[in-house]
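Peer 1: Here you go, coords10.tsv (TSV, C-alpha atoms and all ligand atoms):
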chain	number	residue	atom	x	y	z
A	1	MET	CA	-34.44	86.25	-29.65
A	2	SER	CA	-31.27	87.21	-27.85
A	3	ARG	CA	-29.26	90.02	-29.32
A	4	ILE	CA	-25.53	90.11	-30.15
A	5	ASP	CA	-23.19	92.84	-31.47
A	6	LEU	CA	-20.17	91.75	-33.50
A	7	HIS	CA	-18.79	95.18	-34.43
A	8	LEU	CA	-17.60	97.48	-31.65
A	9	HIS	CA	-14.73	99.93	-31.19
A	10	THR	CA	-13.03	100.93	-27.95
A	11	THR	CA	-10.17	103.18	-26.85
A	12	HIS	CA	-7.80	100.45	-28.11
A	13	SER	CA	-8.43	102.03	-31.52
A	14	ASP	CA	-10.61	105.02	-32.45
A	15	GLY	CA	-13.58	104.46	-30.15
A	16	SER	CA	-14.03	106.99	-27.36
A	17	CYS	CA	-15.23	104.52	-24.70
A	18	SER	CA	-13.17	102.02	-22.75
A	19	THR	CA	-13.81	98.29	-23.13
A	20	ARG	CA	-15.64	98.32	-19.78
A	21	GLU	CA	-17.87	101.25	-20.80
A	22	VAL	CA	-18.73	99.58	-24.12
A	23	MET	CA	-19.53	96.31	-22.37
A	24	ASN	CA	-21.70	98.04	-19.77
A	25	PHE	CA	-23.68	99.59	-22.64
A	26	ALA	CA	-23.94	96.11	-24.16
A	27	LYS	CA	-25.30	94.71	-20.92
A	28	GLN	CA	-27.91	97.49	-20.75
A	29	ALA	CA	-28.96	96.75	-24.34
A	30	GLY	CA	-29.46	93.06	-23.57
A	31	VAL	CA	-26.48	91.88	-25.65
A	32	VAL	CA	-25.56	88.27	-24.77
A	33	ALA	CA	-22.44	87.97	-26.94
A	34	LEU	CA	-20.15	90.50	-28.60
A	35	ALA	CA	-16.90	91.03	-30.46
A	36	ILE	CA	-14.62	94.00	-29.89
A	37	THR	CA	-13.33	94.71	-33.41
A	38	ASP	CA	-10.76	97.44	-33.04
A	39	HIS	CA	-8.85	98.65	-36.11
A	40	ASP	CA	-5.61	96.77	-36.73
A	41	ILE	CA	-5.23	95.81	-33.05
A	42	ILE	CA	-6.32	92.82	-31.01
A	43	ASP	CA	-4.96	93.81	-27.58
A	44	GLY	CA	-8.42	94.26	-26.02
A	45	VAL	CA	-9.44	90.59	-26.09
A	46	PRO	CA	-8.16	89.42	-22.66
A	47	GLU	CA	-9.67	92.41	-20.82
A	48	ALA	CA	-12.99	91.98	-22.65
A	49	THR	CA	-13.05	88.27	-21.81
A	50	THR	CA	-12.55	89.03	-18.10
A	51	ILE	CA	-15.28	91.68	-18.07
A	52	GLY	CA	-17.53	89.37	-20.09
A	53	LYS	CA	-17.30	86.69	-17.38
A	54	GLU	CA	-18.29	89.30	-14.80
A	55	LEU	CA	-21.27	90.57	-16.83
A	56	GLY	CA	-22.39	87.26	-18.30
A	57	ILE	CA	-21.56	88.25	-21.90
A	58	ASP	CA	-19.77	85.86	-24.27
A	59	VAL	CA	-16.76	87.48	-25.93
A	60	VAL	CA	-15.72	86.49	-29.46
A	61	PRO	CA	-12.11	87.44	-30.30
A	62	GLY	CA	-12.38	89.97	-33.12
A	63	ILE	CA	-10.60	92.54	-35.26
A	64	GLU	CA	-11.21	94.92	-38.18
A	65	ILE	CA	-8.41	95.21	-40.74
A	66	SER	CA	-8.35	98.02	-43.31
A	67	SER	CA	-7.44	97.08	-46.88
A	68	ARG	CA	-7.59	98.71	-50.28
A	69	LEU	CA	-8.74	97.55	-53.68
A	70	GLY	CA	-8.47	100.25	-56.35
A	71	ASP	CA	-10.42	103.28	-55.09
A	72	ASN	CA	-12.21	101.29	-52.42
A	73	GLU	CA	-11.15	100.96	-48.81
A	74	LEU	CA	-12.49	97.56	-47.77
A	75	HIS	CA	-12.68	96.65	-44.10
A	76	ILE	CA	-12.30	92.97	-43.28
A	77	LEU	CA	-13.61	91.79	-39.93
A	78	GLY	CA	-12.09	88.70	-38.34
A	79	TYR	CA	-13.79	86.46	-35.77
A	80	PHE	CA	-12.76	83.63	-33.48
A	81	LEU	CA	-9.10	84.16	-34.32
A	82	ASP	CA	-6.19	83.20	-32.09
A	83	TRP	CA	-5.36	86.59	-30.61
A	84	THR	CA	-2.06	85.23	-29.24
A	85	ASP	CA	-0.78	84.36	-32.75
A	86	ALA	CA	2.71	85.88	-33.12
A	87	LEU	CA	2.59	86.25	-36.90
A	88	LEU	CA	-0.71	88.12	-36.70
A	89	ALA	CA	0.72	90.43	-34.02
A	90	GLN	CA	3.70	91.22	-36.24
A	91	ARG	CA	1.51	91.89	-39.30
A	92	LEU	CA	-0.77	94.19	-37.31
A	93	LYS	CA	2.16	96.10	-35.90
A	94	THR	CA	3.39	96.84	-39.43
A	95	LEU	CA	-0.08	98.15	-40.29
A	96	ARG	CA	-0.20	100.40	-37.23
A	97	ASP	CA	3.27	101.72	-38.00
A	98	SER	CA	1.94	102.90	-41.38
A	99	ARG	CA	-0.56	105.03	-39.45
A	100	HIS	CA	2.33	106.79	-37.71
A	101	LEU	CA	3.75	107.73	-41.11
A	102	ARG	CA	0.47	109.12	-42.37
A	103	ASN	CA	-0.91	110.93	-39.32
A	104	PRO	CA	1.93	113.47	-38.88
A	105	ARG	CA	1.47	114.46	-42.54
A	106	ILE	CA	-2.23	115.11	-41.87
A	107	VAL	CA	-1.26	117.22	-38.85
A	108	GLN	CA	1.22	119.14	-41.00
A	109	ARG	CA	-1.52	119.92	-43.56
A	110	LEU	CA	-3.77	121.16	-40.77
A	111	ASN	CA	-0.93	123.34	-39.49
A	112	GLU	CA	-0.60	124.79	-42.99
A	113	LEU	CA	-4.33	125.56	-42.89
A	114	GLY	CA	-3.73	127.62	-39.75
A	115	ILE	CA	-4.74	125.02	-37.19
A	116	PRO	CA	-2.14	124.61	-34.46
A	117	MET	CA	-1.70	121.03	-33.23
A	118	THR	CA	1.06	118.48	-32.87
A	119	TYR	CA	1.09	114.73	-33.47
A	120	ASP	CA	2.14	114.29	-29.82
A	121	GLU	CA	-1.20	115.84	-28.83
A	122	VAL	CA	-3.04	113.40	-31.11
A	123	ARG	CA	-1.15	110.44	-29.65
A	124	ALA	CA	-1.80	111.62	-26.09
A	125	LEU	CA	-5.52	111.89	-26.82
A	126	ALA	CA	-5.55	108.48	-28.51
A	127	GLY	CA	-3.65	106.67	-25.75
A	128	THR	CA	-3.20	103.64	-28.03
A	129	GLU	CA	-0.90	102.48	-30.81
A	130	SER	CA	-3.81	102.27	-33.25
A	131	VAL	CA	-4.08	105.99	-34.00
A	132	GLY	CA	-6.53	107.07	-36.69
A	133	ARG	CA	-8.23	110.06	-38.25
A	134	PRO	CA	-11.11	109.98	-35.72
A	135	HIS	CA	-8.55	110.86	-33.03
A	136	ILE	CA	-7.51	113.90	-35.09
A	137	ALA	CA	-11.20	114.73	-35.50
A	138	ARG	CA	-11.66	114.61	-31.74
A	139	LEU	CA	-8.69	116.93	-31.20
A	140	LEU	CA	-10.23	119.35	-33.73
A	141	MET	CA	-13.42	119.19	-31.65
A	142	GLU	CA	-11.53	119.80	-28.40
A	143	LYS	CA	-9.77	122.76	-29.98
A	144	LYS	CA	-13.16	124.08	-31.12
A	145	PHE	CA	-12.32	124.17	-34.83
A	146	VAL	CA	-15.32	121.92	-35.49
A	147	THR	CA	-18.36	120.87	-33.48
A	148	SER	CA	-18.57	117.23	-34.60
A	149	ALA	CA	-16.41	114.49	-36.04
A	150	LYS	CA	-18.55	114.58	-39.16
A	151	GLU	CA	-17.71	118.24	-39.66
A	152	ALA	CA	-14.00	117.45	-39.15
A	153	PHE	CA	-14.15	114.84	-41.92
A	154	ASP	CA	-16.35	116.94	-44.23
A	155	ARG	CA	-14.14	120.02	-43.93
A	156	TYR	CA	-10.65	118.59	-43.52
A	157	LEU	CA	-10.06	114.86	-43.25
A	158	ALA	CA	-12.15	113.00	-45.82
A	159	ASN	CA	-10.80	111.90	-49.19
A	160	GLY	CA	-10.66	114.99	-51.42
A	161	ARG	CA	-10.58	117.45	-48.50
A	162	PRO	CA	-7.52	119.67	-47.86
A	163	ALA	CA	-5.93	117.63	-45.04
A	164	PHE	CA	-6.47	114.21	-46.63
A	165	VAL	CA	-3.40	111.99	-46.92
A	166	ASP	CA	-3.48	108.49	-48.37
A	167	ARG	CA	-1.86	105.55	-46.64
A	168	GLU	CA	-0.42	102.23	-47.68
A	169	LEU	CA	-2.90	99.43	-47.06
A	170	PRO	CA	-2.79	95.71	-47.71
A	171	GLN	CA	-4.90	94.12	-50.43
A	172	PRO	CA	-8.16	92.55	-49.21
A	173	ALA	CA	-6.75	89.14	-50.17
A	174	GLU	CA	-3.90	89.72	-47.70
A	175	ALA	CA	-6.22	90.81	-44.87
A	176	VAL	CA	-8.37	87.73	-45.51
A	177	GLN	CA	-5.29	85.49	-45.47
A	178	TRP	CA	-3.93	87.03	-42.25
A	179	ILE	CA	-7.21	86.26	-40.48
A	180	ARG	CA	-7.32	82.72	-41.90
A	181	ASP	CA	-3.68	82.16	-40.87
A	182	ALA	CA	-4.68	83.03	-37.29
A	183	GLY	CA	-7.56	80.53	-37.41
A	184	GLY	CA	-10.31	83.14	-37.78
A	185	VAL	CA	-13.24	83.72	-40.12
A	186	PRO	CA	-12.86	86.79	-42.40
A	187	VAL	CA	-16.02	88.81	-43.04
A	188	LEU	CA	-16.60	91.75	-45.39
A	189	ALA	CA	-17.62	94.71	-43.18
A	190	HIS	CA	-20.41	97.19	-44.04
A	191	PRO	CA	-20.83	96.31	-47.77
A	192	THR	CA	-22.76	99.56	-48.22
A	193	TRP	CA	-19.41	101.38	-48.06
A	194	VAL	CA	-18.14	99.65	-51.19
A	195	ARG	CA	-18.47	102.07	-54.08
A	196	THR	CA	-19.69	99.85	-56.89
A	197	SER	CA	-22.86	98.58	-58.57
A	198	ALA	CA	-24.84	95.59	-57.30
A	199	ASP	CA	-23.18	93.48	-60.01
A	200	GLY	CA	-19.77	94.86	-59.07
A	201	LEU	CA	-20.35	93.95	-55.44
A	202	ARG	CA	-21.41	90.43	-56.38
A	203	THR	CA	-18.26	89.94	-58.47
A	204	LEU	CA	-16.11	91.36	-55.68
A	205	VAL	CA	-17.69	89.15	-53.03
A	206	ARG	CA	-17.31	86.06	-55.26
A	207	ASP	CA	-13.64	86.91	-55.81
A	208	LEU	CA	-13.07	87.44	-52.09
A	209	LYS	CA	-14.77	84.15	-51.33
A	210	GLY	CA	-12.29	82.45	-53.64
A	211	MET	CA	-9.55	84.00	-51.48
A	212	GLY	CA	-11.06	82.71	-48.23
A	213	LEU	CA	-13.80	85.16	-47.25
A	214	GLY	CA	-16.26	83.45	-44.90
A	215	GLY	CA	-19.08	85.94	-44.41
A	216	ILE	CA	-20.77	89.29	-45.02
A	217	GLU	CA	-21.83	91.86	-42.43
A	218	VAL	CA	-25.48	91.90	-43.49
A	219	HIS	CA	-26.88	93.61	-40.38
A	220	TYR	CA	-25.40	97.05	-39.80
A	221	SER	CA	-26.52	100.28	-38.12
A	222	THR	CA	-26.90	102.28	-41.33
A	223	HIS	CA	-28.22	99.56	-43.66
A	224	THR	CA	-31.77	100.21	-44.86
A	225	PRO	CA	-34.21	97.26	-44.81
A	226	SER	CA	-33.80	96.88	-48.59
A	227	GLN	CA	-30.00	96.87	-48.30
A	228	THR	CA	-30.20	94.27	-45.55
A	229	ASN	CA	-32.34	92.09	-47.82
A	230	GLU	CA	-29.99	92.62	-50.75
A	231	TYR	CA	-26.94	91.54	-48.70
A	232	LEU	CA	-28.83	88.62	-47.18
A	233	GLU	CA	-29.62	87.42	-50.70
A	234	LEU	CA	-25.99	87.96	-51.74
A	235	ALA	CA	-24.76	85.90	-48.77
A	236	LYS	CA	-27.16	83.13	-49.74
A	237	GLN	CA	-26.11	83.18	-53.40
A	238	CYS	CA	-22.44	83.05	-52.51
A	239	ASP	CA	-22.86	80.54	-49.68
A	240	LEU	CA	-21.39	82.93	-47.11
A	241	LEU	CA	-22.19	83.35	-43.42
A	242	VAL	CA	-24.20	86.31	-42.16
A	243	THR	CA	-22.95	88.57	-39.36
A	244	GLY	CA	-23.96	91.91	-37.91
A	245	GLY	CA	-22.99	94.69	-35.58
A	246	SER	CA	-23.42	98.34	-34.70
A	247	ASP	CA	-19.90	99.72	-35.45
A	248	PHE	CA	-20.21	101.69	-32.23
A	249	HIS	CA	-17.47	104.33	-31.86
A	250	GLY	CA	-18.85	106.58	-29.11
A	251	VAL	CA	-18.46	110.31	-29.60
A	252	THR	CA	-17.37	110.23	-33.26
A	253	LYS	CA	-20.60	108.43	-34.29
A	254	PRO	CA	-22.98	109.86	-31.68
A	255	ASP	CA	-26.16	108.49	-33.30
A	256	ILE	CA	-25.06	104.85	-33.01
A	257	GLU	CA	-25.59	102.83	-29.84
A	258	VAL	CA	-24.20	99.47	-28.76
A	259	GLY	CA	-26.48	96.57	-29.68
A	260	ILE	CA	-29.22	98.65	-31.32
A	261	GLY	CA	-27.40	100.97	-33.76
A	262	ARG	CA	-29.84	103.73	-34.62
A	263	GLY	CA	-32.58	101.83	-32.80
A	264	GLN	CA	-33.57	99.32	-35.48
A	265	LEU	CA	-30.60	96.95	-35.33
A	266	LYS	CA	-31.18	93.48	-33.95
A	267	VAL	CA	-28.59	90.82	-34.63
A	268	SER	CA	-29.68	87.33	-33.63
A	269	HIS	CA	-27.47	85.15	-31.43
A	270	THR	CA	-28.29	82.26	-33.78
A	271	LEU	CA	-25.65	83.68	-36.20
A	272	LEU	CA	-22.88	82.94	-33.73
A	273	ASP	CA	-22.82	79.16	-33.79
A	274	PRO	CA	-22.21	78.80	-37.56
A	275	LEU	CA	-19.41	81.37	-37.28
A	276	ASN	CA	-17.76	79.47	-34.46
A	277	LYS	CA	-18.10	76.20	-36.40
A	278	ALA	CA	-16.54	77.78	-39.49
A	279	ALA	CA	-13.54	78.85	-37.41
A	280	THR	CA	-13.00	75.46	-35.78
A	281	ALA	CA	-13.59	73.57	-39.06
A	282	ALA	CA	-10.82	75.45	-40.87
B	301	ZN	ZN	-15.12	99.67	-40.91
B	302	ZN	ZN	-15.68	99.40	-37.53
Mind turning this structure into structure tokens?
Ligand SMILES: [Zn+2]
Ligand SMILES: [Zn+2]
Peer 2:
Amino acid sequence: MSRIDLHLHTTHSDGSCSTREVMNFAKQAGVVALAITDHDIIDGVPEATTIGKELGIDVVPGIEISSRLGDNELHILGYFLDWTDALLAQRLKTLRDSRHLRNPRIVQRLNELGIPMTYDEVRALAGTESVGRPHIARLLMEKKFVTSAKEAFDRYLANGRPAFVDRELPQPAEAVQWIRDAGGVPVLAHPTWVRTSADGLRTLVRDLKGMGLGGIEVHYSTHTPSQTNEYLELAKQCDLLVTGGSDFHGVTKPDIEVGIGRGQLKVSHTLLDPLNKAATAA
């Protein structure tokens, strides 16, 4: 069984490795097809496609869009979308702009806590328009206020911690629609992150399907075997496609590797064809 990885982050958003580095790791892990799914940005697709031709890896255009429903931040992955779509580009730019409103307020809170840093430093470290909290976490690591990204989130950046600042996010229905409008298949990312009961998740997934959701990320680095089975069953019940990926970020998630997650992940290439068909059928 050939392996694929449909959830990867690069320096285009909050990953610490370039597209080429990520794809070299993929090659080493025996990945035959992948999707770069950077947060709120799709600029990496052409470069990835070029490198993919060189390395013999199929590249699926991908994205991960953050959305909010009540207390839950839901991430919606999009696959096989038209990355040249002008409306999508405009919608994503608006989302990224909201990050530039939030991030300086986080920096200000950190300053008030006695940590000297500027948003210019964060942006220089990020080197992309899709700036997120993991970049601030990395700057905190560089400045030796913390020793890991996890510590940065646990002490300062996570919801409920002293430097947390909320941001405006679209509704999941909007994120799903944006991906559909660009010809892609929307997929609910890492369902284990959704804070609700099994029944609550089923209701949510059914609702999202009514809005155009096409799949669930069943295979994921941190899913336990029983969670994987639960989500597989849920996908079956709701007649949704199954996808999977590592959510590799590099240094901010040091235990997760491209293609294999924490070592147990294996996403079959047989999942790709139905996804491609769903995109072209729409
Ligand atoms: Zn995510
Ligand atoms: Zn992700």
Peer 1: Could you please determine the separation between CA of Ala149 (chain A) and CA of Ser16 (chain A) in Å, to one decimal place?
Peer 2: 11.7 Å
Peer 1: Near region 192-202 of chain A, counting all atoms listed in the file, which residues have an atom at most 8 Å away, once you skip same-chain residues fewer than 2 positions from it, shown as a list in words?
Peer 2: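 Once the nearby chain positions are removed, what remains is Asn72, Glu73, Leu74, His190, Leu204, Val205, Arg206, His223, Gln227 and Leu234 of chain A.
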Peer 1: So which residues touch Met1 (chain A) within 9 Å, counting all atoms listed in the file, skipping near sequence neighbours fewer than 3 positions away, as a ChimeraX atom specification?
Peer 2: /A:267-270
Peer 1: Using only C-alpha atoms and all ligand atoms, which residues of the polymer chains come no farther than 10 Å from ligand ZN 302 (chain B)? I'd like the answer as a PyMOL selection string.
Peer 2: chain A and resi 6-9+13-15+36-39+63-66+75-77+189-190+245-249
Peer 1: Take CA of Ser226 (chain A) and CA of Leu241 (chain A) and report the distance between them in Å, one decimal.
Peer 2: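 The value is 18.6 Å.
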Peer 1: Any idea what the distance is between CA of Asp255 (chain A) and CA of Val131 (chain A)?
Peer 2: 22.2 Å
Peer 1: Ranking A:Ala126, A:Gly263, A:Ala279, A:Leu110 by minimum distance to Gly62 (chain A) and counting only C-alpha atoms, which one comes first?
Peer 2: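 The shortest atom-to-atom distance to Gly62 (chain A) comes from A:Ala279.
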Peer 1: Name the closest residue to Asp97 (chain A) among the candidates A:Pro191, A:Gly184, A:Gly212, A:Gly132; distances are taken between atoms, counting all atoms listed in the file.
Peer 2: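 Once distances to Asp97 (chain A) are computed over all atoms listed in the file, the minimum belongs to A:Gly132.
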Peer 1: Could you check which of A:Trp83, A:Glu174, A:Ile41, A:Leu140 is closest to Thr128 (chain A), using all atoms listed in the file?
Peer 2: A:Ile41
Peer 1: Can you pull out the residues contacting Arg99 (chain A)? Cut-off 12 Å, using only C-alpha atoms, and skip same-chain residues under 5 positions away; I want them as a PyMOL selection string.
Peer 2: chain A and resi 13+39-40+66+92-94+104-106+119+123+128-133+135+165-169
Peer 1: Taking only C-alpha atoms and all ligand atoms into account, which of A:Leu88, A:Leu188, A:Leu81, A:Val107 comes nearest ligand ZN 301 (chain B)?
Peer 2: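 The answer is A:Leu188, which sits nearest to ligand ZN 301 (chain B).
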Peer 1: Neighbours of region 216-218 of chain A within 7 Å (all atoms listed in the file; same-chain residues fewer than 2 positions away dropped), as a PyMOL selection string?
Peer 2: chain A and resi 187-190+220+228+231-232+235+240-244
Peer 1: Once you count only C-alpha atoms, which residues end up no further than 12 Å from (-27.3, 103.4, -29.5) in the file's frame, shown as a ChimeraX atom specification?
Peer 2: /A:5,8,22,25-26,28-29,221-222,245-251,253-266
Peer 1: Restricting it to C-alpha atoms, dump the selection as a compact mmCIF listing (two decimals), in the frame of the given file.
Peer 2:
# COMPACT_ATOMS: atom_id res chain seq x y z
CA ASP A 5 -23.19 92.84 -31.47
CA LEU A 8 -17.60 97.48 -31.65
CA VAL A 22 -18.73 99.58 -24.12
CA PHE A 25 -23.68 99.59 -22.64
CA ALA A 26 -23.94 96.11 -24.16
CA GLN A 28 -27.91 97.49 -20.75
CA ALA A 29 -28.96 96.75 -24.34
CA SER A 221 -26.52 100.28 -38.12
CA THR A 222 -26.90 102.28 -41.33
CA GLY A 245 -22.99 94.69 -35.58
CA SER A 246 -23.42 98.34 -34.70
CA ASP A 247 -19.90 99.72 -35.45
CA PHE A 248 -20.21 101.69 -32.23
CA HIS A 249 -17.47 104.33 -31.86
CA GLY A 250 -18.85 106.58 -29.11
CA VAL A 251 -18.46 110.31 -29.60
CA LYS A 253 -20.60 108.43 -34.29
CA PRO A 254 -22.98 109.86 -31.68
CA ASP A 255 -26.16 108.49 -33.30
CA ILE A 256 -25.06 104.85 -33.01
CA GLU A 257 -25.59 102.83 -29.84
CA VAL A 258 -24.20 99.47 -28.76
CA GLY A 259 -26.48 96.57 -29.68
CA ILE A 260 -29.22 98.65 -31.32
CA GLY A 261 -27.40 100.97 -33.76
CA ARG A 262 -29.84 103.73 -34.62
CA GLY A 263 -32.58 101.83 -32.80
CA GLN A 264 -33.57 99.32 -35.48
CA LEU A 265 -30.60 96.95 -35.33
CA LYS A 266 -31.18 93.48 -33.95
Peer 1: Have a look at A:Val146, A:Met23, A:Leu87, A:Ile57 and name the one nearest to Ala182 (chain A); count all atoms listed in the file.
Peer 2: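 Going through A:Val146, A:Met23, A:Leu87, A:Ile57 one by one, the smallest distance to Ala182 (chain A) is for A:Leu87.
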Peer 1: Between A:Gly78, A:Cys238, A:Ala152, A:Asp71, which residue has the minimum interatomic distance to ligand ZN 301 (chain B), considering all atoms listed in the file?
Peer 2: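 Result for the nearest residue to ligand ZN 301 (chain B): A:Gly78.
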